[in-house]
4 protein chains.
Amino acid sequence: MKSFASDNYSGIHPQILDAIQHANKQHEVSYGVDYYTSKALEQFENIFGTVKVLYAFNGTGANIISLKCCILPFQAVICAETAHINSDECGAPTQNIGCSLLTLPTRDGKLTPELIKPLLSRIGNVHNTQPKVISISQSTELGTVYTLNELKILCNFAHENGLLVHLDGARISNAIASLGVSLKEATVDCGIDIMSFGGTKNGLMMGEAVLIFNDVLKENAPYFQKQTAQLFSKNRFIAAQFIALLTDNLWLKMAIHANRMAQLLAAETSKIPEVKITRNVDANAVFAIIPTYAIEKLQHKHHFYIWDEQTKELRWMCSFDTTEDEVLNFVRTLKELIR
Amino acid sequence: MKSFASDNYSGIHPQILDAIQHANKQHEVSYGVDYYTSKALEQFENIFGTVKVLYAFNGTGANIISLKCCILPFQAVICAETAHINSDECGAPTQNIGCSLLTLPTRDGKLTPELIKPLLSRIGNVHNTQPKVISISQSTELGTVYTLNELKILCNFAHENGLLVHLDGARISNAIASLGVSLKEATVDCGIDIMSFGGTKNGLMMGEAVLIFNDVLKENAPYFQKQTAQLFSKNRFIAAQFIALLTDNLWLKMAIHANRMAQLLAAETSKIPEVKITRNVDANAVFAIIPTYAIEKLQHKHHFYIWDEQTKELRWMCSFDTTEDEVLNFVRTLKELIR
Amino acid sequence: MKSFASDNYSGIHPQILDAIQHANKQHEVSYGVDYYTSKALEQFENIFGTVKVLYAFNGTGANIISLKCCILPFQAVICAETAHINSDECGAPTQNIGCSLLTLPTRDGKLTPELIKPLLSRIGNVHNTQPKVISISQSTELGTVYTLNELKILCNFAHENGLLVHLDGARISNAIASLGVSLKEATVDCGIDIMSFGGTKNGLMMGEAVLIFNDVLKENAPYFQKQTAQLFSKNRFIAAQFIALLTDNLWLKMAIHANRMAQLLAAETSKIPEVKITRNVDANAVFAIIPTYAIEKLQHKHHFYIWDEQTKELRWMCSFDTTEDEVLNFVRTLKELIR
Amino acid sequence: MKSFASDNYSGIHPQILDAIQHANKQHEVSYGVDYYTSKALEQFENIFGTVKVLYAFNGTGANIISLKCCILPFQAVICAETAHINSDECGAPTQNIGCSLLTLPTRDGKLTPELIKPLLSRIGNVHNTQPKVISISQSTELGTVYTLNELKILCNFAHENGLLVHLDGARISNAIASLGVSLKEATVDCGIDIMSFGGTKNGLMMGEAVLIFNDVLKENAPYFQKQTAQLFSKNRFIAAQFIALLTDNLWLKMAIHANRMAQLLAAETSKIPEVKITRNVDANAVFAIIPTYAIEKLQHKHHFYIWDEQTKELRWMCSFDTTEDEVLNFVRTLKELIR
């Protein structure tokens, strides 16, 4: 049975699986010198303009490659406390690069120049790690989405202060679906230097694309990818998935659907007086507080995670394959448990 | 057209692809807490007895995890100069662990106690990196295979001197096919502490299994896997491939076939007086020297790599999907080019 | 002119310099296999009982060695936000070890089980870095001192939860002078596993001793020292300084004096109504807030640092060579500037 | 009694010790913002022209800082197998930087373009670590000295191929004494990008200077120094030593003397028919093979090391304080033992 635990509980979208199957012909040159990888590059270029594209097996891999391109060990990544790189990667960026994370508490998972400014006093002080890159998640781990304006202000602030901007786009599709603008407008046009375009959480078997817009960051990237054990010998099978994902905006259709399911879930559960939706539902995540006695029983029927053990705030994730029936079913169970 | 360049030029075996397709149902708990991962564990236990199994996306990932389990940064890995970890991973083990590699020239890609002994004088000298693990490749990068006796002698030597033994099994299937013994006999029964069981080069879309036999190495392994960006959220799709690979000895059948094609290729080409087979053909690789004038033209028709730019020694790899016709075709072309 | 900027602005105590001079005879075996190093070990053993002693050139070096002995890259150091390892070492522990720091805000620079407890939920979760060592500074960077009772409670809490305790003792002498107990009582007897005994900030030209009490941490320590570039070829010249420091409790006499000067400074300045002493003066540091208009002028006559640029809290450090006259002189200047 | 074991068995030259004593006045701003550090910089600039100078506590520290300035983790250091960074630093450069060492066997400890050329084929191949810096020792660990011409040819070769040149100058003074040219002529004028100027092995209590000539390498150097735990709070005490060392060419006088003692030792021992001097005696080291039965007895009276356990080649080091009497005494003992 489908769950609301995570968008990585879902499987492979049928069109993506078809693409894998169709790529399974003949021999292909390995390590990305193949037809599919160059075709996928074309598609990315059609969307973003000039861009260097490298692939990673998973989000942690993509984040490490991206950050390796940006910083040296004495430098630091500025990120929200809730950032995946801080809370869910077992310290992988720090271990792989030697750099430090400067984490900031936020109200909604989003960074702002105001939050970051106090860290600028570190610059030039040899006793302090040196801020070099701002890493943001879009959509955030709290299900919120940066507006175009927020992105532009943040990128300008970064560049004016000699900082780069990295976008962890494990759920960039959901953010774009929410913003209703183009991928290009919401990334490179805002000033993003390097980003990941997530596939695993949006219907791929696995795979993330690292997209590099800033020329300075391009040269060493393939070596960082290789040293991070993310260079795939049979890369055609990641590339083919991305080709399918990018064709006819499949990525967007899936994300729009997942977001719509989250809206439905939030709308229906918020009608229950005992339920409090705790965060803006900008993308495919719903955060809520429900009567404590109902949590375990609800989890038993529909798997999901408790986001915050202190406050008992819950997280319900929708994914590309969540159906309206499943949402309504979930709401029905919740109502029954509360009554 | 199929090539003799590398066994990673090949695609996915149809039964493996079927397995991926069949695993693509419903939601599954992520990060390896799923039906397929536990079923694959059972199968590995049936083969090897008690074993801890972790997965990696590729061979470099599997090697890093394995070596991380074995050593601290002041310690060193003893390996052959030809070892993949030394020659083909862009320094990834060193970068990820901080450890050094102590590389030894060999005649045939195989390490022996005699070769290693001089390094033991380093032990206890604080100015020297400390040998801690012997890493061998089976089959080796030169297409040779350690005998059971060689493995036992090496493992005993290692353990008597406080060293561990890691086996890079990117092509372990080809070695087993060559030896005609069981997987267990040729690994844990010889004293191997930790190994990878390669899938990518033997018909999988991607995936390697890290098999840990030595109890001491088990505890921290999941953290090392996670920090190396090798923990797969949708792990069912690697596990399902291994289930198919292990079922009815598919892995062995494929390896036997690839080895047989290499035998055929060696037998037929060695009949040509101008061709010299330069290495024992124990597994699925054939190394040869042919008239220099023929190299480029042969490459043009059937892609392969020049192994050694100095000596113009060539490497021809066979894989699970190499056909007899393709081999004979290759031989025919070669004959025509030489005449 | 002497300043109140830092105890590392001071020079070498005459008896320490004499000791260097006296050790400058003949040749000595290098890398710590010399008369002075073994004599210093004896003295440390007289004070602490069984202990492994290694030396470092500076505090950062001592902290890196100590933490390297305690943790693996996927593990984390728990420390106060104000800890030197977090705020003043340019990320050196993280860069050298790959580990993460889990920093906690504190009221007074001191950690407690209550502050740490929420971090224990990370243990066993592969997505989180794993807490492994609690690092405390004694005296703290805020000039406060843990009581024996606080130390015991913290060490017990640590050990009950599988954690180690590291003590950054750059100013341990000042803490002991404040507590009025023996070095042993306040360290190993409380359960400290590993610590540094600071020399540089208490009259040495340079040098810190890493003292290892926990047997498990001893074996690899010399290699970690060497790899951190802290093994001194002419170690007799650090050892000789420690011999002098430990003889007739010179370390304690100096620390008592420095603490007394801080008490005097706090007592005299707190008589000025416009001055607010902001922290307990347990050791040799005085923290204060004075009228903003007086800061720069006071700094001009007596160098010191602004601790917190936001609140304009100042830090005045006393050292072994601060005189009563200098303190009273400083107070006089301050009074004049305020009036 | 003085030994021939190592030039780091010696103590502090009296004028150096005096300098430490004279610097021990008043308070000084810490971390190198002091009178002595800026005076030493002036002296280095007088010798070398424009140069950035940083200090390290020991040779390993200086080498790590220097190499950190030159390379990224996926890049590699080319060095002789006999290089200190390869054989005597417990893998510290590799551990601290993550980079690999590409070691080359040499006849005399010296690298040449011919030896290095085969490594250039790695450049641009993502599977290989990328050569980036050539590290040479001057004088070498085998007591030989690169000529000006050899240095120029090597540096030109490096720069033409996009490589940097690092000079490990732990014994640069002995090399200059041997060459009879100026420091500048033999380093920056030949094209050296970054080097260490060794003090510890030439009469300092401790201290090495990292000299950076290549502008590109200067910017990040202070952070690398700090993160390597080599930034000395009381830096005046290293700087003061260097001031004395550089004044009136004390460094050169000491080195000339040590070299002369090595010449005497080689000349006298080579008169003994059973003794074979095995290396050119360009600097302060003598390598020799003597009758095996005499080794242990000779060591007993005059400590020295067996350089090569296989061949029983011995190393005899002279230092600034070795006297003619001691050399002749040594020769006499040797003669007696052989007869």
# chains A, B, ... in the order shown; residues from 1 in each chain; ligands from 1
$ interface_residues --of "chain B" --to "chain A" --cutoff "6 Å" --atoms "only C-alpha atoms" --output "PyMOL selection string"
chain B and resi 2+9-11+24+27-30+60-61+90+92+227+229
$ residues_around --residues "Glu326 (chain D)" --least-positions-apart "3" --cutoff "12 Å" --atoms "only C-alpha atoms" --output "VMD selection string"
chain D and resid 1 to 4 261 to 262 264 to 265 301 to 302 318 to 319 321 to 323 329 to 333
$ select_by_dssp --residues "region 152-309 of chain A" --states "helix (DSSP H, G or I)" --output "ChimeraX atom specification"
/A:152-160,172-179,188-190,200-202,215-217,221-227,236-270,292-301
$ closest_residue --among "A:Gly32, A:Gly203, A:Pro291, A:Gly180" --to "Glu274 (chain A)" --atoms "only C-alpha atoms"
A:Pro291
$ closest_residue --among "B:Asp168, B:Ile192, B:Asn220, B:Leu328" --to "Thr129 (chain C)" --atoms "only C-alpha atoms"
B:Asn220
$ atom_distance --atom1 "CA of Ala76 (chain D)" --atom2 "CA of Gly109 (chain D)"
18.8 Å
$ closest_residue --among "B:His84, B:Asn202, B:Leu54, B:Leu120" --to "His257 (chain B)" --atoms "only C-alpha atoms"
B:Asn202
$ residues_around --residues "region 139-146 of chain D" --least-positions-apart "6" --cutoff "9 Å" --atoms "only C-alpha atoms" --output "list in words"
Thr82, Ala83, His84, Asp108, Gly109, Lys110, Asp168, Gly169, Ala170, Arg171, Ile172, Ser173, Asn174, Ala175, Ile176, Ser178, Leu179, Arg279, Asn280, Val281, Asp282, Ala283, Asn284, Ala285, Val286, Phe287 and Arg315 of chain D
$ write_last_selection --atoms "C-alpha atoms" --output "compact mmCIF listing (two decimals), in the first residue's frame"
# COMPACT_ATOMS: atom_id res chain seq x y z
CA THR D 82 63.26 8.80 -1.49
CA ALA D 83 61.46 12.11 -0.86
CA HIS D 84 60.81 12.89 2.80
CA ASP D 108 70.53 9.77 -6.94
CA GLY D 109 67.40 11.21 -5.34
CA LYS D 110 67.00 13.73 -8.14
CA ASP D 168 61.52 20.90 0.21
CA GLY D 169 64.36 22.94 1.62
CA ALA D 170 64.84 21.26 4.96
CA ARG D 171 68.52 21.30 3.97
CA ILE D 172 68.52 24.13 1.43
CA SER D 173 71.38 25.80 3.32
CA ASN D 174 73.61 22.80 2.73
CA ALA D 175 72.70 22.85 -0.94
CA ILE D 176 73.56 26.54 -1.29
CA SER D 178 77.58 23.30 -1.92
CA LEU D 179 76.60 25.27 -5.03
CA ARG D 279 76.87 8.42 -3.12
CA ASN D 280 78.21 11.76 -4.22
CA VAL D 281 78.92 13.82 -1.11
CA ASP D 282 77.45 17.12 -2.23
CA ALA D 283 76.13 18.29 1.11
CA ASN D 284 76.31 17.15 4.74
CA ALA D 285 75.50 13.45 4.33
CA VAL D 286 77.87 10.57 3.71
CA PHE D 287 76.51 7.22 2.55
CA ARG D 315 74.07 7.14 6.47
$ closest_residue --among "D:Leu163, D:Leu115, D:Leu104, D:Leu314" --to "Thr292 (chain D)" --atoms "only C-alpha atoms"
D:Leu314
$ atom_distance --atom1 "CA of Val165 (chain D)" --atom2 "CA of Ile134 (chain D)"
4.9 Å
$ select_by_dssp --residues "region 29-276 of chain B" --states "strand (DSSP E or B)" --output "compact mmCIF listing (two decimals) with all heavy atoms, in the first residue's frame"
# COMPACT_ATOMS: atom_id res chain seq x y z
N LYS B 52 27.43 -9.81 6.34
CA LYS B 52 26.74 -8.51 6.30
C LYS B 52 26.83 -8.01 4.87
O LYS B 52 27.91 -8.02 4.28
CB LYS B 52 27.38 -7.52 7.26
CG LYS B 52 26.61 -6.20 7.34
CD LYS B 52 27.13 -5.29 8.43
CE LYS B 52 26.24 -4.07 8.56
NZ LYS B 52 24.96 -4.35 9.24
N VAL B 53 25.71 -7.58 4.32
CA VAL B 53 25.68 -7.14 2.93
C VAL B 53 25.25 -5.68 2.84
O VAL B 53 24.24 -5.29 3.41
CB VAL B 53 24.71 -8.00 2.09
CG1 VAL B 53 24.71 -7.54 0.64
CG2 VAL B 53 25.06 -9.46 2.19
N LEU B 54 26.04 -4.89 2.15
CA LEU B 54 25.68 -3.51 1.84
C LEU B 54 25.86 -3.32 0.34
O LEU B 54 26.65 -4.02 -0.28
CB LEU B 54 26.63 -2.54 2.57
CG LEU B 54 26.57 -2.54 4.08
CD1 LEU B 54 27.73 -1.73 4.65
CD2 LEU B 54 25.25 -1.96 4.56
N TYR B 55 25.17 -2.37 -0.21
CA TYR B 55 25.26 -2.18 -1.65
C TYR B 55 25.97 -0.87 -2.00
O TYR B 55 26.00 0.07 -1.20
CB TYR B 55 23.87 -2.22 -2.28
CG TYR B 55 23.23 -3.57 -2.06
CD1 TYR B 55 22.43 -3.80 -0.95
CD2 TYR B 55 23.50 -4.62 -2.92
CE1 TYR B 55 21.88 -5.06 -0.71
CE2 TYR B 55 22.95 -5.87 -2.70
CZ TYR B 55 22.16 -6.09 -1.59
OH TYR B 55 21.64 -7.33 -1.38
N ALA B 56 26.52 -0.87 -3.17
CA ALA B 56 27.14 0.35 -3.69
C ALA B 56 26.70 0.51 -5.14
O ALA B 56 26.34 -0.47 -5.80
CB ALA B 56 28.65 0.27 -3.61
N GLN B 75 47.09 4.46 8.13
CA GLN B 75 47.38 3.11 7.68
C GLN B 75 47.40 3.07 6.15
O GLN B 75 47.03 4.03 5.49
CB GLN B 75 46.36 2.15 8.27
CG GLN B 75 46.51 2.08 9.80
CD GLN B 75 45.42 1.30 10.50
OE1 GLN B 75 44.29 1.27 10.05
NE2 GLN B 75 45.77 0.70 11.63
N ALA B 76 47.85 1.95 5.62
CA ALA B 76 48.04 1.88 4.18
C ALA B 76 47.45 0.60 3.61
O ALA B 76 47.38 -0.43 4.28
CB ALA B 76 49.53 1.96 3.83
N VAL B 77 47.04 0.70 2.37
CA VAL B 77 46.53 -0.43 1.59
C VAL B 77 47.67 -0.96 0.74
O VAL B 77 48.28 -0.20 -0.01
CB VAL B 77 45.40 0.02 0.66
CG1 VAL B 77 44.83 -1.17 -0.10
CG2 VAL B 77 44.32 0.76 1.42
N ILE B 78 47.94 -2.24 0.84
CA ILE B 78 48.92 -2.87 -0.04
C ILE B 78 48.17 -3.40 -1.26
O ILE B 78 47.20 -4.14 -1.11
CB ILE B 78 49.64 -4.02 0.68
CG1 ILE B 78 50.44 -3.47 1.87
CG2 ILE B 78 50.52 -4.80 -0.28
CD1 ILE B 78 50.97 -4.54 2.81
N CYS B 79 48.61 -3.03 -2.44
CA CYS B 79 47.94 -3.53 -3.64
C CYS B 79 48.93 -3.62 -4.80
O CYS B 79 50.02 -3.07 -4.74
CB CYS B 79 46.75 -2.63 -4.02
SG CYS B 79 47.21 -0.97 -4.49
N ALA B 80 48.50 -4.31 -5.83
CA ALA B 80 49.31 -4.38 -7.04
C ALA B 80 49.25 -3.04 -7.76
O ALA B 80 48.26 -2.33 -7.69
CB ALA B 80 48.79 -5.49 -7.95
N SER B 100 47.12 5.86 2.51
CA SER B 100 48.05 5.73 1.39
C SER B 100 47.93 4.35 0.76
O SER B 100 47.51 3.40 1.41
CB SER B 100 49.49 5.93 1.88
OG SER B 100 49.66 7.23 2.38
N LEU B 101 48.32 4.27 -0.49
CA LEU B 101 48.43 2.98 -1.16
C LEU B 101 49.91 2.63 -1.27
O LEU B 101 50.71 3.46 -1.68
CB LEU B 101 47.83 3.04 -2.57
CG LEU B 101 46.37 3.50 -2.72
CD1 LEU B 101 45.93 3.35 -4.18
CD2 LEU B 101 45.45 2.71 -1.82
N LEU B 102 50.24 1.42 -0.90
CA LEU B 102 51.60 0.92 -1.11
C LEU B 102 51.50 -0.05 -2.28
O LEU B 102 50.98 -1.16 -2.15
CB LEU B 102 52.11 0.21 0.14
CG LEU B 102 52.23 1.11 1.39
CD1 LEU B 102 52.54 0.26 2.62
CD2 LEU B 102 53.30 2.17 1.18
N THR B 103 51.94 0.42 -3.44
CA THR B 103 51.73 -0.37 -4.66
C THR B 103 52.96 -1.20 -4.98
O THR B 103 54.10 -0.76 -4.81
CB THR B 103 51.43 0.55 -5.85
OG1 THR B 103 52.54 1.42 -6.06
CG2 THR B 103 50.20 1.39 -5.58
N LEU B 104 52.71 -2.40 -5.45
CA LEU B 104 53.79 -3.34 -5.77
C LEU B 104 53.72 -3.74 -7.23
O LEU B 104 52.64 -4.10 -7.72
CB LEU B 104 53.67 -4.58 -4.89
CG LEU B 104 53.91 -4.35 -3.39
CD1 LEU B 104 53.44 -5.56 -2.59
CD2 LEU B 104 55.38 -4.07 -3.12
N GLN B 130 51.28 2.74 8.01
CA GLN B 130 51.24 1.40 8.56
C GLN B 130 50.40 0.45 7.70
O GLN B 130 49.18 0.63 7.59
CB GLN B 130 50.66 1.45 9.98
CG GLN B 130 51.47 2.29 10.95
CD GLN B 130 52.83 1.67 11.20
OE1 GLN B 130 52.92 0.55 11.70
NE2 GLN B 130 53.89 2.35 10.82
N PRO B 131 51.02 -0.56 7.11
CA PRO B 131 50.25 -1.53 6.33
C PRO B 131 49.14 -2.14 7.18
O PRO B 131 49.37 -2.53 8.32
CB PRO B 131 51.29 -2.61 5.99
CG PRO B 131 52.61 -1.94 6.13
CD PRO B 131 52.45 -0.90 7.19
N LYS B 132 47.93 -2.18 6.62
CA LYS B 132 46.82 -2.73 7.41
C LYS B 132 45.94 -3.67 6.61
O LYS B 132 45.32 -4.57 7.16
CB LYS B 132 45.96 -1.57 7.95
CG LYS B 132 44.83 -2.00 8.86
CD LYS B 132 45.36 -2.65 10.13
CE LYS B 132 44.28 -3.36 10.92
NZ LYS B 132 44.84 -4.12 12.04
N VAL B 133 45.86 -3.46 5.30
CA VAL B 133 45.00 -4.33 4.51
C VAL B 133 45.67 -4.62 3.17
O VAL B 133 46.29 -3.75 2.56
CB VAL B 133 43.60 -3.69 4.31
CG1 VAL B 133 43.69 -2.34 3.62
CG2 VAL B 133 42.66 -4.60 3.54
N ILE B 134 45.56 -5.87 2.76
CA ILE B 134 46.01 -6.27 1.43
C ILE B 134 44.77 -6.29 0.54
O ILE B 134 43.79 -6.94 0.87
CB ILE B 134 46.65 -7.67 1.46
CG1 ILE B 134 47.88 -7.68 2.39
CG2 ILE B 134 47.02 -8.13 0.05
CD1 ILE B 134 48.44 -9.07 2.65
N SER B 135 44.83 -5.55 -0.55
CA SER B 135 43.69 -5.53 -1.47
C SER B 135 44.06 -6.25 -2.75
O SER B 135 45.04 -5.90 -3.41
CB SER B 135 43.30 -4.08 -1.77
OG SER B 135 42.23 -4.05 -2.70
N ILE B 136 43.30 -7.28 -3.06
CA ILE B 136 43.56 -8.03 -4.29
C ILE B 136 42.34 -7.93 -5.21
O ILE B 136 41.22 -7.73 -4.74
CB ILE B 136 43.87 -9.51 -4.01
CG1 ILE B 136 42.70 -10.18 -3.27
CG2 ILE B 136 45.15 -9.65 -3.20
CD1 ILE B 136 42.86 -11.69 -3.11
N SER B 137 42.56 -8.08 -6.49
CA SER B 137 41.47 -8.13 -7.46
C SER B 137 41.36 -9.55 -7.97
O SER B 137 42.36 -10.17 -8.32
CB SER B 137 41.74 -7.18 -8.62
OG SER B 137 41.95 -5.87 -8.15
N LEU B 164 44.50 -7.35 7.19
CA LEU B 164 43.23 -7.81 6.67
C LEU B 164 43.36 -8.07 5.17
O LEU B 164 44.31 -7.59 4.54
CB LEU B 164 42.16 -6.74 6.90
CG LEU B 164 41.88 -6.38 8.36
CD1 LEU B 164 41.20 -5.03 8.47
CD2 LEU B 164 41.04 -7.46 9.02
N VAL B 165 42.40 -8.80 4.60
CA VAL B 165 42.40 -9.01 3.15
C VAL B 165 41.09 -8.55 2.54
O VAL B 165 40.00 -8.99 2.96
CB VAL B 165 42.65 -10.49 2.78
CG1 VAL B 165 42.69 -10.64 1.26
CG2 VAL B 165 43.95 -10.98 3.39
N HIS B 166 41.21 -7.63 1.61
CA HIS B 166 40.06 -7.13 0.85
C HIS B 166 40.14 -7.68 -0.56
O HIS B 166 41.21 -7.69 -1.17
CB HIS B 166 40.09 -5.59 0.80
CG HIS B 166 39.21 -5.02 -0.26
ND1 HIS B 166 39.70 -4.35 -1.36
CD2 HIS B 166 37.86 -5.03 -0.39
CE1 HIS B 166 38.69 -3.95 -2.11
NE2 HIS B 166 37.57 -4.33 -1.57
N LEU B 167 39.00 -8.12 -1.05
CA LEU B 167 38.95 -8.63 -2.42
C LEU B 167 38.05 -7.74 -3.26
O LEU B 167 36.86 -7.59 -2.97
CB LEU B 167 38.45 -10.08 -2.40
CG LEU B 167 38.44 -10.84 -3.73
CD1 LEU B 167 38.64 -12.33 -3.48
CD2 LEU B 167 37.17 -10.61 -4.53
N ASP B 168 38.64 -7.12 -4.27
CA ASP B 168 37.88 -6.34 -5.24
C ASP B 168 37.30 -7.32 -6.25
O ASP B 168 38.01 -7.81 -7.13
CB ASP B 168 38.80 -5.31 -5.92
CG ASP B 168 38.08 -4.52 -7.02
OD1 ASP B 168 36.99 -4.92 -7.45
OD2 ASP B 168 38.63 -3.48 -7.44
N ILE B 194 36.73 -9.09 3.68
CA ILE B 194 35.69 -8.22 3.12
C ILE B 194 35.88 -8.20 1.61
O ILE B 194 37.01 -8.27 1.13
CB ILE B 194 35.78 -6.79 3.73
CG1 ILE B 194 34.58 -5.92 3.36
CG2 ILE B 194 37.09 -6.11 3.37
CD1 ILE B 194 34.47 -4.66 4.20
N MET B 195 34.79 -8.13 0.88
CA MET B 195 34.92 -8.19 -0.57
C MET B 195 33.75 -7.46 -1.24
O MET B 195 32.75 -7.16 -0.61
CB MET B 195 34.92 -9.65 -1.05
CG MET B 195 33.59 -10.36 -0.85
SD MET B 195 33.59 -12.05 -1.54
CE MET B 195 33.32 -11.73 -3.29
N SER B 196 33.92 -7.20 -2.52
CA SER B 196 32.78 -6.76 -3.30
C SER B 196 32.40 -7.88 -4.26
O SER B 196 33.25 -8.64 -4.73
CB SER B 196 33.10 -5.48 -4.07
OG SER B 196 34.20 -5.67 -4.92
N PHE B 197 31.10 -7.98 -4.50
CA PHE B 197 30.60 -8.92 -5.47
C PHE B 197 30.05 -8.08 -6.61
O PHE B 197 29.04 -7.40 -6.48
CB PHE B 197 29.50 -9.79 -4.84
CG PHE B 197 28.95 -10.85 -5.75
CD1 PHE B 197 29.60 -12.08 -5.88
CD2 PHE B 197 27.79 -10.63 -6.48
CE1 PHE B 197 29.09 -13.06 -6.72
CE2 PHE B 197 27.27 -11.61 -7.33
CZ PHE B 197 27.93 -12.83 -7.45
N GLY B 198 30.75 -8.11 -7.72
CA GLY B 198 30.45 -7.19 -8.81
C GLY B 198 29.22 -7.57 -9.61
O GLY B 198 29.03 -8.74 -9.93
N GLU B 208 26.90 -3.09 -6.98
CA GLU B 208 27.91 -3.98 -6.43
C GLU B 208 27.48 -4.28 -5.00
O GLU B 208 26.92 -3.41 -4.32
CB GLU B 208 29.29 -3.32 -6.39
CG GLU B 208 29.70 -2.60 -7.68
CD GLU B 208 30.18 -3.53 -8.77
OE1 GLU B 208 31.13 -4.31 -8.52
OE2 GLU B 208 29.60 -3.48 -9.88
N ALA B 209 27.76 -5.46 -4.54
CA ALA B 209 27.46 -5.79 -3.15
C ALA B 209 28.75 -5.87 -2.36
O ALA B 209 29.70 -6.50 -2.80
CB ALA B 209 26.72 -7.12 -3.08
N VAL B 210 28.77 -5.19 -1.22
CA VAL B 210 29.91 -5.31 -0.30
C VAL B 210 29.55 -6.41 0.70
O VAL B 210 28.53 -6.32 1.38
CB VAL B 210 30.18 -3.99 0.43
CG1 VAL B 210 31.27 -4.18 1.48
CG2 VAL B 210 30.57 -2.91 -0.57
N LEU B 211 30.38 -7.44 0.74
CA LEU B 211 30.13 -8.58 1.63
C LEU B 211 31.17 -8.57 2.74
O LEU B 211 32.37 -8.62 2.47
CB LEU B 211 30.22 -9.88 0.84
CG LEU B 211 29.41 -9.94 -0.47
CD1 LEU B 211 29.65 -11.27 -1.19
CD2 LEU B 211 27.92 -9.75 -0.19
N ILE B 212 30.69 -8.50 3.98
CA ILE B 212 31.61 -8.41 5.11
C ILE B 212 31.53 -9.69 5.93
O ILE B 212 30.47 -10.04 6.45
CB ILE B 212 31.29 -7.19 6.00
CG1 ILE B 212 31.04 -5.94 5.14
CG2 ILE B 212 32.42 -6.95 7.01
CD1 ILE B 212 30.71 -4.70 5.93
N LYS B 276 50.65 -12.30 -30.70
CA LYS B 276 51.17 -12.94 -29.49
C LYS B 276 50.23 -12.68 -28.31
O LYS B 276 49.96 -11.52 -27.99
CB LYS B 276 52.56 -12.36 -29.18
CG LYS B 276 53.28 -13.15 -28.10
CD LYS B 276 54.59 -12.50 -27.67
CE LYS B 276 54.98 -12.99 -26.29
NZ LYS B 276 55.83 -12.06 -25.59
$ atom_distance --atom1 "CA of Val327 (chain D)" --atom2 "CA of Glu313 (chain D)"
18.9 Å
$ residues_around --residues "Leu41 (chain A)" --least-positions-apart "3" --cutoff "9 Å" --atoms "only C-alpha atoms" --output "list of chain:residue names"
A:Tyr36, A:Thr37, A:Ser38, A:Phe44, A:Glu45, A:Asn46, A:Val51, A:Lys52, A:Val53, A:Ala239, A:Ile243
